[in-house]
Each structure stands twice: as structure tokens, then as C-alpha cells.
Amino acid sequence: MGFFTIKDLEGTHLKIALVAHDLKKEQMVQFAIAYQQILKEHTLYATGTTGKRIREATGLNLHRFLSGPLGGDQQIGALMAENQLDCIIFLRDPLTAQPHEPDILALLRLADVHNIPVATNLAAAEVLIRSLQQGDFDWRHIVHQRKERGE
Ligand SMILES: O=C(CO)COP(=O)(O)O
């Protein structure tokens with residue numbers, strides 16, 4: 001386990017989850033099209049329907065979990081609990097009741113427990129993706145190394 005500088009870490013690979021509620025799916029598709037050159041450099045996860053829409057529109061290679069109401073939010077939560085996720089873009093619909101509201105809250109809670117950056121609207125998603133491109137997520141690699149060492 002050698003030492004490294006932030007410079008050594010630039011451009012390294014992150015694990016990103018993409019999730020959108022139904023009324024935000026078109027926004028997510030447009031976001032993925034606009035930023036696919038950045039997204040394709042990373043490992044991507046998505047809930048079922050969101051992932052299907054993104055894949056159809058962009059051809060991006062992503063791992064699809066179950067649909068949100070069937071457990072997809074919880075599967076993404078499990079990734080965080082195991083230190084397997086670095087960033088979440090979750091375009092939430094704040095105006096429609098969701099049958100799996102407890103799962104959504106659990107996902108967001110776990111992001112706070114594990115200090116994972118989350119964007120819940122398009123404006124924040126753009127800030128996150130641009131900061132990711134310029135290396136502002138490099139600290140995540142330090143977190144991974146510490147966890148691997150059991151610190
Ligand atoms: O419901 C969701 C997030 O809470 C998203 O699930 P889908 O991508 O399967 O629609």
C-alpha cells in the first residue's frame with residue numbers, strides 16, 4: 001500500500017449510481033446523453049427502468065438493478081453499506097407520492113451515514129458531474145484505501 005499524491009489519482013475510476021423517478025426520467029436521459037463522455041469512464045449502476053432508458057438512449061454500459069419499487073433503491077443502499085459506491089445522481093420527483101417512499105428515505109439516509117455525495121435534482125447533478133471530471137472526487141480513493149486497511 002504505497003503513498004500517493006492527489007495528482008496520481010486524477011482521472012481514476014469511480015462507481016456512480018443513476019436513478020430517476022418516472023417524471024424525471026426524460027431529464028435523466030438528456031443528462032446521460034449530455035455527459036456520456038464523462039460517464040463512460042466510470043462504473044455505472046442504475047435502478048431497472050432508469051437503466052433501461054439510459055442504455056437505450058446512449059448505449060452506455062451499466063449494471064441494472066431491480067426497479068425502484070421492487071427493491072432497486074435498497075440494492076443501491078446495499079452498495080453504499082459495503083463501500084462500493086462513490087456518487088449518486090437521484091433525480092427525485094418531489095411532487096408525486098411513491099409507493100416505496102421508505103426505501104427512498106433509506107437510500108438517502110445511508111448516503112448520509114457513509115458520506116456519499118448525492119444530487120437529487122438536475123442542477124446539483126450538473127455540479128457533481130463537472131466536479132467529478134476535474135478530480136474533486138479523488139478523496140474517495142483515500143476512503144477506500146482506509147476502509148481496506150480496516151481503519
Ligand atoms: O423508483 C425509483 C427510485 O426510487 C426508480 O426506479 P426505476 O428506475 O426502476 O423506475
# chains A, B, ... in the order shown; residues from 1 in each chain; ligands from 1
call {"tool": "select_by_dssp", "arguments": {"residues": "chain A", "states": "alpha helix (DSSP H)", "output": "ChimeraX atom specification"}}
result
/A:6-9,25-34,36-39,48-58,72-81,101-113,122-133,139-148
call {"tool": "closest_atom_pairs", "arguments": {"of": "segment 14-38 of chain A", "to": "segment 92-97 of chain A", "cutoff": "9 Å", "atoms": "only C-alpha atoms", "output": "tab-separated table"}}
result
residue	atom	partner	partner_atom	distance
A:Val19	CA	A:Arg92	CA	8.1
A:Ala20	CA	A:Arg92	CA	5.9
A:His21	CA	A:Arg92	CA	5.5
A:Asp22	CA	A:Asp93	CA	7.7
A:Leu23	CA	A:Asp93	CA	6.5
A:Lys24	CA	A:Asp93	CA	6.5
call {"tool": "residues_around", "arguments": {"residues": "segment 58-67 of chain A", "least_positions_apart": "6", "cutoff": "9 Å", "atoms": "only C-alpha atoms", "output": "VMD selection string"}}
result
chain A and resid 29 32 to 33 36 39 to 40 43 to 52 73 75 to 76
call {"tool": "closest_residue", "arguments": {"among": "A:Glu41, A:Arg140, A:Ala17, A:Gln27", "to": "Asn121 of chain A", "atoms": "only C-alpha atoms"}}
result
A:Gln27
call {"tool": "closest_residue", "arguments": {"among": "A:Lys25, A:Gly68, A:Thr12, A:Arg55", "to": "ligand 1", "atoms": "only C-alpha atoms and all ligand atoms"}}
result
A:Gly68
call {"tool": "atom_distance", "arguments": {"atom1": "atom CA of Ala57 of chain A", "atom2": "atom 3 (C, counted along the ligand's line) of ligand 1"}}
result
18.9 Å
call {"tool": "closest_residue", "arguments": {"among": "A:Val127, A:Val113, A:Met80, A:Ala106", "to": "ligand 1", "atoms": "only C-alpha atoms and all ligand atoms"}}
result
A:Ala106
call {"tool": "select_by_dssp", "arguments": {"residues": "segment 9-141 of chain A", "states": "strand (DSSP E)", "output": "ChimeraX atom specification"}}
result
/A:15-20,43-46,62-64,87-91,118-119
call {"tool": "atom_distance", "arguments": {"atom1": "atom CA of Ala81 of chain A", "atom2": "atom CA of Arg130 of chain A"}}
result
25.3 Å
call {"tool": "residues_around", "arguments": {"residues": "Ile89 of chain A", "least_positions_apart": "6", "cutoff": "7 Å", "atoms": "only C-alpha atoms", "output": "list in words"}}
result
Ala17, Leu18, Val19, Val118, Ala119, Thr120 and Ala125 of chain A
call {"tool": "closest_residue", "arguments": {"among": "A:His100, A:Arg53, A:His114, A:Arg149", "to": "Glu26 of chain A", "atoms": "only C-alpha atoms"}}
result
A:Arg53
call {"tool": "closest_residue", "arguments": {"among": "A:Ile16, A:Pro99, A:Leu91, A:Gln37", "to": "Leu79 of chain A", "atoms": "only C-alpha atoms"}}
result
A:Ile16
call {"tool": "closest_residue", "arguments": {"among": "A:His13, A:Asp103, A:Cys87, A:Glu126", "to": "ligand 1", "atoms": "only C-alpha atoms and all ligand atoms"}}
result
A:Asp103
